[in-house]
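Just upload09.txt here, compact mmCIF, C-alpha atoms:
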```
# COMPACT_ATOMS: atom_id res chain seq x y z
CA MET A 30 68.82 129.33 30.29
CA ASN A 31 70.84 126.47 31.82
CA ASP A 32 70.34 122.81 32.58
CA ASP A 33 68.82 123.64 35.99
CA ASP A 34 65.72 124.87 34.13
CA LEU A 35 65.00 121.45 32.60
CA ASP A 36 62.47 118.97 33.93
CA PRO A 37 63.74 115.45 34.77
CA LEU A 38 62.63 113.99 31.41
CA GLY A 39 64.33 116.84 29.59
CA ARG A 40 67.57 116.13 31.45
CA TRP A 41 67.45 112.44 30.59
CA ARG A 42 66.74 113.31 26.95
CA LEU A 43 69.93 115.42 26.83
CA ILE A 44 71.96 112.74 28.61
CA LEU A 45 70.81 109.87 26.38
CA GLY A 46 70.77 111.85 23.14
CA ASP A 47 69.00 110.89 19.91
CA ALA A 48 68.75 107.24 20.97
CA ALA A 49 66.11 108.22 23.55
CA GLY A 50 63.99 110.23 21.12
CA GLY A 51 61.39 107.50 20.67
CA ALA A 52 60.77 107.05 24.39
CA LEU A 53 61.22 110.60 25.66
CA GLY A 54 60.31 112.64 22.61
CA ASP A 55 62.26 115.42 20.96
CA PRO A 56 63.50 118.41 22.96
CA THR A 57 61.60 121.66 22.86
CA GLY A 58 62.44 125.32 23.40
CA ASN A 59 66.02 126.10 24.36
CA ALA A 60 66.60 122.41 24.96
CA VAL A 61 66.78 122.05 21.16
CA ALA A 62 69.92 124.20 21.09
CA MET A 63 71.37 122.37 24.10
CA ASP A 64 70.75 119.03 22.40
CA ALA A 65 72.38 120.27 19.19
CA ALA A 66 75.47 121.49 21.08
CA LEU A 67 75.83 118.17 22.89
CA SER A 68 75.23 116.19 19.69
CA TRP A 69 77.86 118.22 17.83
CA LEU A 70 80.45 117.06 20.37
CA TYR A 71 79.36 113.64 21.57
CA GLY A 72 77.98 112.59 18.19
CA ARG A 73 81.59 111.79 17.31
CA GLU A 74 81.55 108.56 19.34
CA GLY A 75 82.55 105.60 17.18
CA ASP A 76 79.75 103.33 18.35
CA LEU A 77 76.92 105.69 17.45
CA ALA A 78 76.68 104.55 13.85
CA GLY A 79 76.00 101.02 15.03
CA ARG A 80 73.00 102.30 16.92
CA GLY A 81 71.56 104.10 13.92
CA ILE A 82 72.79 107.52 14.96
CA ARG A 83 74.92 109.70 12.71
CA SER A 84 78.45 110.32 13.99
CA ASP A 85 79.24 113.62 12.24
CA GLY A 86 77.57 115.70 14.92
CA ALA A 87 74.60 116.61 12.69
CA ARG A 88 71.01 115.75 13.45
CA GLU A 89 68.80 113.58 11.25
CA GLY A 90 66.37 116.40 10.66
CA GLY A 91 63.91 118.41 12.68
CA SER A 92 63.83 122.08 13.47
CA GLY A 93 67.19 122.38 15.23
CA PRO A 94 69.89 124.91 14.38
CA SER A 95 72.20 124.46 11.41
CA THR A 96 75.46 122.55 11.74
CA LEU A 97 77.83 124.30 14.17
CA ASP A 98 81.47 125.20 13.71
CA VAL A 99 83.88 125.54 16.65
CA PRO A 100 83.36 129.27 17.34
CA SER A 101 79.56 129.06 17.15
CA TRP A 102 79.57 125.86 19.21
CA LEU A 103 81.53 127.60 21.96
CA ASP A 104 79.16 130.56 21.83
CA GLU A 105 76.20 128.22 22.28
CA VAL A 106 77.89 126.31 25.09
CA HIS A 107 78.65 129.49 27.03
CA ARG A 108 75.11 130.76 26.50
CA LEU A 109 73.31 127.57 27.46
CA PHE A 110 75.25 125.83 30.21
CA PRO A 111 76.62 126.64 33.69
CA LYS A 112 80.37 127.09 34.28
CA GLU A 113 81.00 123.54 35.53
CA THR A 114 79.35 122.03 32.47
CA ILE A 115 81.22 124.39 30.13
CA GLU A 116 84.58 123.32 31.56
CA ARG A 117 83.70 119.65 31.12
CA LEU A 118 82.56 120.17 27.52
CA GLU A 119 85.74 122.09 26.68
CA GLN A 120 87.84 119.39 28.33
CA ASP A 121 86.17 116.64 26.31
CA ALA A 122 86.52 118.66 23.12
CA VAL A 123 90.28 119.14 23.43
CA GLU A 124 91.27 115.93 25.22
CA ARG A 125 88.76 113.27 24.21
CA TYR A 126 88.07 114.35 20.64
CA GLU A 127 91.26 116.38 19.97
CA ILE A 128 89.41 119.31 18.42
CA HIS A 129 92.53 121.45 18.23
CA GLU A 130 90.67 124.37 16.74
CA VAL A 131 89.42 125.18 20.26
CA VAL A 132 92.90 126.53 21.05
CA THR A 133 94.31 127.29 17.59
CA ASN A 134 91.52 129.44 16.17
CA PRO A 135 92.19 133.18 16.81
CA GLU A 136 88.47 133.94 16.88
CA VAL A 137 88.01 131.39 19.66
CA LEU A 138 91.11 132.37 21.63
CA ALA A 139 90.03 136.00 21.68
CA ARG A 140 87.04 135.25 23.92
CA ILE A 141 87.67 131.90 25.58
CA GLU A 142 87.88 131.72 29.39
CA PRO A 143 91.32 130.43 30.52
CA ASN A 144 91.44 127.24 32.61
CA THR A 145 93.84 124.36 33.24
CA THR A 146 92.26 122.13 30.60
CA LEU A 147 92.84 124.76 27.91
CA LEU A 148 96.38 125.36 29.15
CA LYS A 149 97.17 121.65 28.67
CA ALA A 150 95.68 121.86 25.19
CA VAL A 151 97.84 124.88 24.35
CA LEU A 152 100.98 123.05 25.44
CA LYS A 153 100.08 120.05 23.29
CA THR A 154 99.20 122.05 20.17
CA LYS A 155 101.43 125.14 20.24
CA HIS A 156 103.62 123.63 17.53
CA LEU A 157 100.59 124.01 15.22
CA MET A 158 100.24 127.74 15.91
CA ASN A 159 101.64 130.65 13.96
CA GLU A 160 103.17 133.60 15.84
CA GLN A 161 99.89 135.54 16.04
CA VAL A 162 97.94 132.61 17.46
CA LEU A 163 100.79 131.69 19.80
CA ALA A 164 100.77 135.22 21.25
CA MET A 165 97.03 134.93 21.89
CA ALA A 166 97.43 131.47 23.41
CA ARG A 167 100.01 132.89 25.80
CA ARG A 168 97.16 134.77 27.48
CA ILE A 169 95.74 131.43 28.60
CA VAL A 170 99.14 130.33 29.92
CA GLU A 171 99.64 133.57 31.86
CA ALA A 172 96.17 133.58 33.39
CA VAL A 173 96.25 129.97 34.58
CA VAL A 174 99.83 130.18 35.87
CA LYS A 175 98.97 133.30 37.88
CA GLU A 176 95.99 131.54 39.46
CA LEU A 177 98.07 128.47 40.32
CA MET A 178 100.95 130.60 41.64
CA ASP A 179 98.65 132.60 43.92
CA LYS A 180 97.23 129.42 45.42
CA LEU A 181 100.40 127.38 45.66
CA LYS A 182 102.65 130.14 46.97
CA THR A 183 100.57 130.41 50.13
CA GLU A 184 100.62 126.62 50.64
CA ILE A 185 104.39 126.46 50.24
CA GLU A 186 105.05 129.44 52.52
CA ASN A 187 102.87 127.82 55.18
CA ALA A 188 104.71 124.51 54.81
CA PHE A 189 108.08 126.20 55.30
CA SER A 190 107.01 128.58 58.07
CA GLY A 191 107.95 126.06 60.76
CA THR A 192 106.06 123.95 63.30
CA LEU A 193 103.99 125.29 66.16
CA ASP A 194 105.83 125.44 69.48
CA ARG A 195 103.03 125.10 72.02
CA ARG A 196 105.44 125.72 74.91
CA ARG A 197 106.26 129.26 73.80
CA HIS A 198 104.24 132.28 72.74
CA SER A 199 105.02 135.05 70.32
CA PRO A 200 104.04 138.74 70.20
CA LEU A 201 103.48 138.33 66.46
CA LYS A 202 99.77 138.10 65.71
CA ASN A 203 99.10 135.51 63.03
CA SER A 204 95.74 133.78 62.76
CA LYS A 205 97.21 130.35 61.97
CA ASN A 206 99.20 130.49 65.27
CA PHE A 207 96.22 131.53 67.44
CA ASP A 208 96.14 129.95 70.95
CA PHE A 209 92.40 129.61 71.38
CA LYS A 210 92.37 127.87 74.78
CA ARG A 211 94.70 130.31 76.57
CA THR A 212 92.94 133.30 75.04
CA VAL A 213 89.59 132.08 76.37
CA ARG A 214 90.96 131.25 79.83
CA ARG A 215 92.67 134.65 80.27
CA ASN A 216 89.52 136.53 79.28
CA LEU A 217 86.91 134.59 81.27
CA GLY A 218 86.62 137.51 83.68
CA ARG A 219 85.16 139.55 80.84
CA TYR A 220 82.28 137.18 80.16
CA ALA A 221 78.94 139.05 80.14
CA SER A 222 76.39 136.46 81.33
CA ASP A 223 73.40 138.65 80.51
CA GLU A 224 74.59 139.01 76.90
CA LYS A 225 76.13 135.53 76.71
CA LYS A 226 79.23 137.07 75.14
CA LEU A 227 82.93 136.83 75.92
CA TYR A 228 84.78 140.10 75.40
CA ILE A 229 88.42 139.62 74.39
CA ASP A 230 90.97 141.99 75.87
CA GLU A 231 94.13 139.88 75.48
CA THR A 232 95.01 137.52 72.64
CA PHE A 233 97.75 134.87 72.59
CA PHE A 234 99.64 133.29 69.72
CA PHE A 235 102.01 130.33 69.65
CA SER A 236 105.58 130.73 68.49
CA ARG A 237 106.99 128.70 65.62
CA THR A 238 110.18 126.74 65.34
CA LYS A 239 111.82 127.80 62.12
CA ARG A 240 112.86 125.13 59.67
CA HIS A 241 116.47 124.99 58.57
CA THR A 242 116.97 124.72 54.83
CA GLU A 243 120.74 125.27 54.54
CA ARG A 244 122.51 123.53 51.68
CA TRP A 245 119.57 121.39 50.52
CA GLN A 246 119.01 120.62 46.85
CA VAL A 247 115.66 119.75 45.31
CA ILE A 248 115.90 118.26 41.82
CA LEU A 249 112.56 117.93 40.01
CA LEU A 250 112.69 115.46 37.12
CA VAL A 251 109.52 115.83 35.06
CA ASP A 252 108.37 113.38 32.40
CA GLN A 253 107.17 115.53 29.48
CA SER A 254 105.44 112.77 27.51
CA GLY A 255 102.00 113.78 26.25
CA SER A 256 100.06 112.20 29.12
CA MET A 257 102.01 114.16 31.73
CA ALA A 258 100.92 117.67 30.72
CA ALA A 259 99.30 118.45 34.08
CA SER A 260 102.45 117.32 35.91
CA VAL A 261 104.63 119.59 33.76
CA ILE A 262 102.38 122.58 34.50
CA HIS A 263 102.33 122.08 38.24
CA SER A 264 106.02 121.20 38.41
CA ALA A 265 106.89 124.49 36.71
CA VAL A 266 104.74 126.44 39.15
CA THR A 267 106.02 124.47 42.15
CA ALA A 268 109.64 125.06 41.16
CA ALA A 269 108.99 128.79 40.79
CA CYS A 270 107.50 128.92 44.30
CA LEU A 271 110.37 126.92 45.83
CA TRP A 272 112.95 129.04 44.03
CA GLY A 273 112.71 132.01 46.40
CA LEU A 274 113.12 130.04 49.63
CA PRO A 275 116.41 130.78 51.46
CA GLY A 276 118.96 127.98 51.48
CA LEU A 277 117.01 125.78 49.07
CA LYS A 278 118.59 125.17 45.69
CA CYS A 279 116.00 124.02 43.17
CA HIS A 280 116.50 122.42 39.74
CA LEU A 281 113.85 121.66 37.14
CA VAL A 282 114.66 119.08 34.47
CA ALA A 283 112.25 117.88 31.77
CA PHE A 284 112.80 114.65 29.91
CA ASP A 285 111.47 112.25 27.31
CA THR A 286 114.21 110.39 25.43
CA SER A 287 116.31 113.54 25.86
CA VAL A 288 117.03 115.61 28.96
CA VAL A 289 116.51 119.39 29.06
CA ASP A 290 117.60 121.44 32.07
CA LEU A 291 115.04 124.24 32.49
CA THR A 292 116.42 125.62 35.75
CA SER A 293 117.43 128.94 34.20
CA ASP A 294 113.77 129.57 33.29
CA VAL A 295 112.26 128.62 36.66
CA ILE A 296 111.70 132.23 37.74
CA ASP A 297 109.39 132.70 34.73
CA PRO A 298 107.07 129.65 34.60
CA VAL A 299 105.11 131.15 31.70
CA GLU A 300 108.19 131.34 29.50
CA LEU A 301 109.25 127.91 30.71
CA LEU A 302 105.97 126.30 29.73
CA MET A 303 106.06 127.91 26.31
CA LYS A 304 109.40 126.14 25.73
CA VAL A 305 108.24 122.68 26.82
CA GLN A 306 107.81 120.13 24.04
CA LEU A 307 105.26 117.49 25.08
CA GLY A 308 105.28 114.05 23.54
CA GLY A 309 107.87 111.52 22.47
CA GLY A 310 109.25 108.44 24.20
CA THR A 311 110.53 108.07 27.74
CA ASP A 312 114.02 107.35 29.08
CA ILE A 313 113.71 107.77 32.84
CA GLY A 314 117.15 106.32 33.49
CA LYS A 315 118.83 109.05 31.45
CA ALA A 316 117.08 111.71 33.53
CA VAL A 317 118.07 110.06 36.82
CA GLN A 318 121.65 109.82 35.58
CA TYR A 319 121.60 113.56 34.90
CA ALA A 320 120.27 114.19 38.42
CA THR A 321 123.13 112.22 39.98
CA GLU A 322 125.58 114.55 38.24
CA LEU A 323 123.88 117.61 39.76
CA ILE A 324 124.03 116.42 43.37
CA GLU A 325 126.47 118.33 45.56
CA ALA A 326 125.84 116.80 49.01
CA PRO A 327 124.05 113.43 48.73
CA ARG A 328 122.54 113.47 52.23
CA ARG A 329 121.05 116.91 51.65
CA ALA A 330 119.56 116.23 48.25
CA ILE A 331 116.01 115.29 47.27
CA VAL A 332 115.41 113.87 43.80
CA VAL A 333 111.73 114.10 42.85
CA LEU A 334 110.88 111.89 39.89
CA ILE A 335 107.52 112.86 38.40
CA SER A 336 106.53 110.19 35.92
CA ASP A 337 104.14 107.36 35.12
CA PHE A 338 107.17 105.04 35.54
CA PHE A 339 106.63 103.36 32.17
CA GLU A 340 110.31 103.09 31.26
CA GLY A 341 111.06 103.17 27.55
CA GLY A 342 114.78 102.79 28.16
CA ASP A 343 116.71 100.17 30.10
CA PRO A 344 114.76 99.38 33.30
CA TYR A 345 117.79 97.75 34.95
CA ARG A 346 119.80 100.93 34.46
CA LEU A 347 117.02 102.96 36.11
CA LEU A 348 116.82 100.57 39.07
CA SER A 349 120.61 100.55 39.47
CA LEU A 350 120.78 104.35 39.52
CA VAL A 351 117.97 104.67 42.08
CA LYS A 352 119.62 102.02 44.24
CA GLY A 353 122.88 104.00 44.16
CA LEU A 354 121.09 107.21 45.18
CA CYS A 355 119.32 105.54 48.08
CA GLU A 356 122.54 103.87 49.28
CA GLN A 357 124.26 107.27 49.44
CA GLN A 358 121.27 108.49 51.52
CA THR A 359 119.84 110.79 48.90
CA THR A 360 116.06 111.04 49.25
CA VAL A 361 114.31 109.73 46.13
CA LEU A 362 110.62 110.57 45.82
CA GLY A 363 108.64 109.13 42.92
CA LEU A 364 105.38 110.91 42.15
CA ALA A 365 102.82 109.16 40.00
CA ALA A 366 100.85 112.39 39.59
CA LEU A 367 101.39 116.04 40.33
CA ASP A 368 98.10 117.65 39.42
CA LEU A 369 95.72 119.29 41.88
CA ASP A 370 93.61 116.13 42.17
CA ALA A 371 96.60 113.76 42.39
CA ASN A 372 94.94 111.06 40.30
CA PRO A 373 97.55 108.28 39.87
CA ASN A 374 98.11 106.40 36.62
CA TYR A 375 101.42 104.57 36.59
CA ASP A 376 103.38 101.33 36.17
CA ARG A 377 102.75 99.77 39.58
CA ASN A 378 105.31 97.02 39.04
CA MET A 379 108.13 99.50 38.42
CA ALA A 380 106.92 101.64 41.33
CA ALA A 381 107.02 98.62 43.65
CA GLN A 382 110.60 97.85 42.61
CA LEU A 383 111.64 101.44 43.32
CA VAL A 384 110.10 101.23 46.79
CA GLU A 385 112.03 98.01 47.51
CA LEU A 386 115.24 99.92 46.73
CA GLY A 387 114.39 102.63 49.27
CA ALA A 388 112.53 105.24 47.22
CA HIS A 389 109.28 106.83 48.38
CA VAL A 390 106.49 106.49 45.81
CA GLY A 391 103.03 107.99 45.91
CA ALA A 392 100.70 110.62 44.52
CA MET A 393 100.85 114.17 45.87
CA THR A 394 99.43 117.55 45.09
CA PRO A 395 101.96 120.40 44.79
CA GLY A 396 101.05 121.51 48.32
CA GLN A 397 101.68 118.03 49.72
CA LEU A 398 105.00 117.88 47.90
CA ALA A 399 106.02 121.17 49.52
CA ALA A 400 105.05 119.82 52.95
CA PHE A 401 107.11 116.65 52.32
CA ILE A 402 110.17 118.70 51.34
CA ALA A 403 109.73 121.08 54.27
CA GLU A 404 109.51 118.18 56.71
CA LYS A 405 112.59 116.54 55.25
CA VAL A 406 114.83 119.61 55.26
CA GLY A 407 113.59 120.63 58.72
CA LYS A 408 114.95 117.51 60.43
```

Now, as a test, write the supplied structure out as structure tokens.
Amino acid sequence: MNDDDLDPLGRWRLILGDAAGGALGDPTGNAVAMDAALSWLYGREGDLAGRGIRSDGAREGGSGPSTLDVPSWLDEVHRLFPKETIERLEQDAVERYEIHEVVTNPEVLARIEPNTTLLKAVLKTKHLMNEQVLAMARRIVEAVVKELMDKLKTEIENAFSGTLDRRRHSPLKNSKNFDFKRTVRRNLGRYASDEKKLYIDETFFFSRTKRHTERWQVILLVDQSGSMAASVIHSAVTAACLWGLPGLKCHLVAFDTSVVDLTSDVIDPVELLMKVQLGGGTDIGKAVQYATELIEAPRRAIVVLISDFFEGGDPYRLLSLVKGLCEQQTTVLGLAALDLDANPNYDRNMAAQLVELGAHVGAMTPGQLAAFIAEKVGK
């Protein structure tokens, strides 16, 4: 059973909840269990009581199932809904309603399906876990990091593989370098008109101009305040992928009101993430000051500031430091978001001031960040 099996009225009944009971009637069949699972979660909304609906997740009566706890709720959700809906429900549970038991209950952790939402929840709540639960939660961290690494490593390798040189060809056969036009032209003599097929005897591939990455530094400064969990995750994975590139020296620094250099842990992003402490205030200037002390050759350094730019410290100090970096021709890149969707949420006024000083500010996915760095160091 899933929500595809419902008729249109049944769907609207689930969407609108108990408030629509008078107009659309009560759910029937498996829809009763679906309604109970949704009510258990979304019945927590603060405005429901004002509309005559109980806010403790329980129903006013009827023949529905008894009140759910977290493990039984998750069981019901996984039984009743498709994968996309499950992920949204889990996300709302841990982020919107802060039901920490989703990631701190051993019974739940033993059977929950790892995803990025749950990884963020683990990072935010791991201080609440005992050693046994923390070991089980690590499974989520490992699974999600592996998935992100597999995807991002390919993107970064492609970004640093060089640009196509359409004037030269290479004997190396690589699909992304395929010269379609020349291959077709050189094999036109093998076209079978009766079969309407072109038989390929020779294939041609463009060469690539290798990028030079000698003596470049990339310093990732990552805001580890609670709202930046996704950025911390993807920064850790990005740094691990950049780490193995020849001639590229990568640093990873996390900050709130303190600065923690995590570079020594970059090769193991799982261990790194388990050490991160999310939350606290924000002193961006202190982090930028630390970055200036790491720079070896200003013109071959890229400082990537990943933050929402809401400065809790002295904003004039931050602006002065960024101005100094730009004047010495260090590349300063401010990223308002570093998750896979690159949804920006930041102090636009501060961002505008940074741009006026010469910094680049925008929102990028990890793959786009890699392409930016590759383009910069390849000049």

Practice item. Pick out the closest residue to Leu323 (chain A) from this set: A:Leu347, A:Tyr228, A:Asp290, A:Glu124. Count only C-alpha atoms. Key: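 Of A:Leu347, A:Tyr228, A:Asp290, A:Glu124, the one nearest Leu323 (chain A) is A:Asp290, counting only C-alpha atoms.
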
Check your understanding: Could you work out how far CA of Asp285 (chain A) lies from CA of Ser336 (chain A), giving the answer in Å with one decimal?
Key ->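 Going from CA of Ser336 (chain A) over to CA of Asp285 (chain A), I get 10.1 Å.
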
Review point. Near Arg211 (chain A), within 9 Å and counting only C-alpha atoms, which residues show up once chain neighbours fewer than 5 positions away are dropped, as a list in words?
Key: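 Surrounding residues, per the criterion: Asn216, Thr232, Phe233 and Phe234 of chain A.
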
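Proximity ranking of A:Leu334, A:Leu350, A:Leu281, A:Ala269 relative to Thr321 (chain A) places A:Leu350 first, based on all atoms listed in the file.
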
Check your understanding: Quick one, how far is CA of Leu157 (chain A) from CA of Gly309 (chain A)?
Key ->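 Distance between the two atoms: 16.2 Å.
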
Starting from the point (100.2, 118.7, 20.4), work out which residues of protein, DNA or RNA have an atom no more than 12 Å away when counting all atoms listed in the file; state them as a PDB file with C-alpha atoms, keeping the file's coordinate frame.
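See out.pdb below for the written result:
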```
ATOM      1  CA  VAL A 123      90.280 119.140  23.430  1.00  0.00           C
ATOM      2  CA  GLU A 124      91.270 115.930  25.220  1.00  0.00           C
ATOM      3  CA  GLU A 127      91.260 116.380  19.970  1.00  0.00           C
ATOM      4  CA  ILE A 128      89.410 119.310  18.420  1.00  0.00           C
ATOM      5  CA  HIS A 129      92.530 121.450  18.230  1.00  0.00           C
ATOM      6  CA  GLU A 130      90.670 124.370  16.740  1.00  0.00           C
ATOM      7  CA  VAL A 132      92.900 126.530  21.050  1.00  0.00           C
ATOM      8  CA  THR A 133      94.310 127.290  17.590  1.00  0.00           C
ATOM      9  CA  LEU A 148      96.380 125.360  29.150  1.00  0.00           C
ATOM     10  CA  LYS A 149      97.170 121.650  28.670  1.00  0.00           C
ATOM     11  CA  ALA A 150      95.680 121.860  25.190  1.00  0.00           C
ATOM     12  CA  VAL A 151      97.840 124.880  24.350  1.00  0.00           C
ATOM     13  CA  LEU A 152     100.980 123.050  25.440  1.00  0.00           C
ATOM     14  CA  LYS A 153     100.080 120.050  23.290  1.00  0.00           C
ATOM     15  CA  THR A 154      99.200 122.050  20.170  1.00  0.00           C
ATOM     16  CA  LYS A 155     101.430 125.140  20.240  1.00  0.00           C
ATOM     17  CA  HIS A 156     103.620 123.630  17.530  1.00  0.00           C
ATOM     18  CA  LEU A 157     100.590 124.010  15.220  1.00  0.00           C
ATOM     19  CA  MET A 158     100.240 127.740  15.910  1.00  0.00           C
ATOM     20  CA  GLN A 253     107.170 115.530  29.480  1.00  0.00           C
ATOM     21  CA  SER A 254     105.440 112.770  27.510  1.00  0.00           C
ATOM     22  CA  GLY A 255     102.000 113.780  26.250  1.00  0.00           C
ATOM     23  CA  SER A 256     100.060 112.200  29.120  1.00  0.00           C
ATOM     24  CA  ALA A 258     100.920 117.670  30.720  1.00  0.00           C
ATOM     25  CA  VAL A 305     108.240 122.680  26.820  1.00  0.00           C
ATOM     26  CA  GLN A 306     107.810 120.130  24.040  1.00  0.00           C
ATOM     27  CA  LEU A 307     105.260 117.490  25.080  1.00  0.00           C
ATOM     28  CA  GLY A 308     105.280 114.050  23.540  1.00  0.00           C
ATOM     29  CA  GLY A 309     107.870 111.520  22.470  1.00  0.00           C
TER      30      GLY A 309
END
```

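Interatomic distance, CA of Lys175 (chain A) against CA of Val295 (chain A): 14.1 Å.
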
Practice item. Write out as JSON, numbers by chain the residues lying within 7 Å of Val361 (chain A), counting only C-alpha atoms and excluding same-chain residues fewer than 2 positions away. Key: {"A": [331, 332, 333, 355, 359, 363, 388, 389]}

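Proximity ranking of A:Glu116, A:Asp98, A:Glu300, A:Asp104 relative to Glu171 (chain A) places A:Glu300 first, based on only C-alpha atoms.
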
Review point. Of the candidates A:Arg377, A:Arg167, A:Arg329, A:Lys405, which shows the shortest atom-to-atom distance to Leu302 (chain A), using only C-alpha atoms?
Key: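 Counting only C-alpha atoms, the residue closest to Leu302 (chain A) is A:Arg167.
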
Around region 243-259 of chain A, with edges along x, y and z and 4 Å added on all six sides, what centre and edge lengths do you get, in Å to one decimal, as JSON?
```
{"center_x": 110.9, "center_y": 118.7, "center_z": 40.4, "size_x": 31.2, "size_y": 21.1, "size_z": 36.3}
```

Practice item. For the point (110.8, 128.4, 45.0) in the file's frame, write as JSON, numbers by chain all residues with an atom no more than 12 Å away, counting only C-alpha atoms. Key: {"A": [178, 181, 182, 183, 184, 185, 186, 189, 246, 247, 248, 249, 264, 265, 266, 267, 268, 269, 270, 271, 272, 273, 274, 275, 276, 277, 278, 279, 280, 281, 292, 295, 296, 297, 298, 395, 399, 402, 403]}

Point to revise | Contact residues around Asp252 (chain A) with all atoms listed in the file at 10 Å, ignoring same-chain residues under 5 positions, as a ChimeraX atom specification | key: /A:257-258,260-261,282-286,288,307-308,310-313,316,334-338

Written selection (C-alpha atoms) as an mmCIF file, keeping the file's coordinate frame:
```cif
data_model
loop_
_atom_site.group_PDB
_atom_site.id
_atom_site.type_symbol
_atom_site.label_atom_id
_atom_site.label_comp_id
_atom_site.auth_asym_id
_atom_site.auth_seq_id
_atom_site.Cartn_x
_atom_site.Cartn_y
_atom_site.Cartn_z
ATOM 1 C CA MET A 257 102.010 114.160 31.730
ATOM 2 C CA ALA A 258 100.920 117.670 30.720
ATOM 3 C CA SER A 260 102.450 117.320 35.910
ATOM 4 C CA VAL A 261 104.630 119.590 33.760
ATOM 5 C CA VAL A 282 114.660 119.080 34.470
ATOM 6 C CA ALA A 283 112.250 117.880 31.770
ATOM 7 C CA PHE A 284 112.800 114.650 29.910
ATOM 8 C CA ASP A 285 111.470 112.250 27.310
ATOM 9 C CA THR A 286 114.210 110.390 25.430
ATOM 10 C CA VAL A 288 117.030 115.610 28.960
ATOM 11 C CA LEU A 307 105.260 117.490 25.080
ATOM 12 C CA GLY A 308 105.280 114.050 23.540
ATOM 13 C CA GLY A 310 109.250 108.440 24.200
ATOM 14 C CA THR A 311 110.530 108.070 27.740
ATOM 15 C CA ASP A 312 114.020 107.350 29.080
ATOM 16 C CA ILE A 313 113.710 107.770 32.840
ATOM 17 C CA ALA A 316 117.080 111.710 33.530
ATOM 18 C CA LEU A 334 110.880 111.890 39.890
ATOM 19 C CA ILE A 335 107.520 112.860 38.400
ATOM 20 C CA SER A 336 106.530 110.190 35.920
ATOM 21 C CA ASP A 337 104.140 107.360 35.120
ATOM 22 C CA PHE A 338 107.170 105.040 35.540
#
```

Check your understanding: From the list A:Arg328, A:Trp245, A:Leu227, A:Val299, which residue is nearest Leu177 (chain A) when using only C-alpha atoms?
Key ->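 Among the listed residues, the smallest separation from Leu177 (chain A) belongs to A:Val299.
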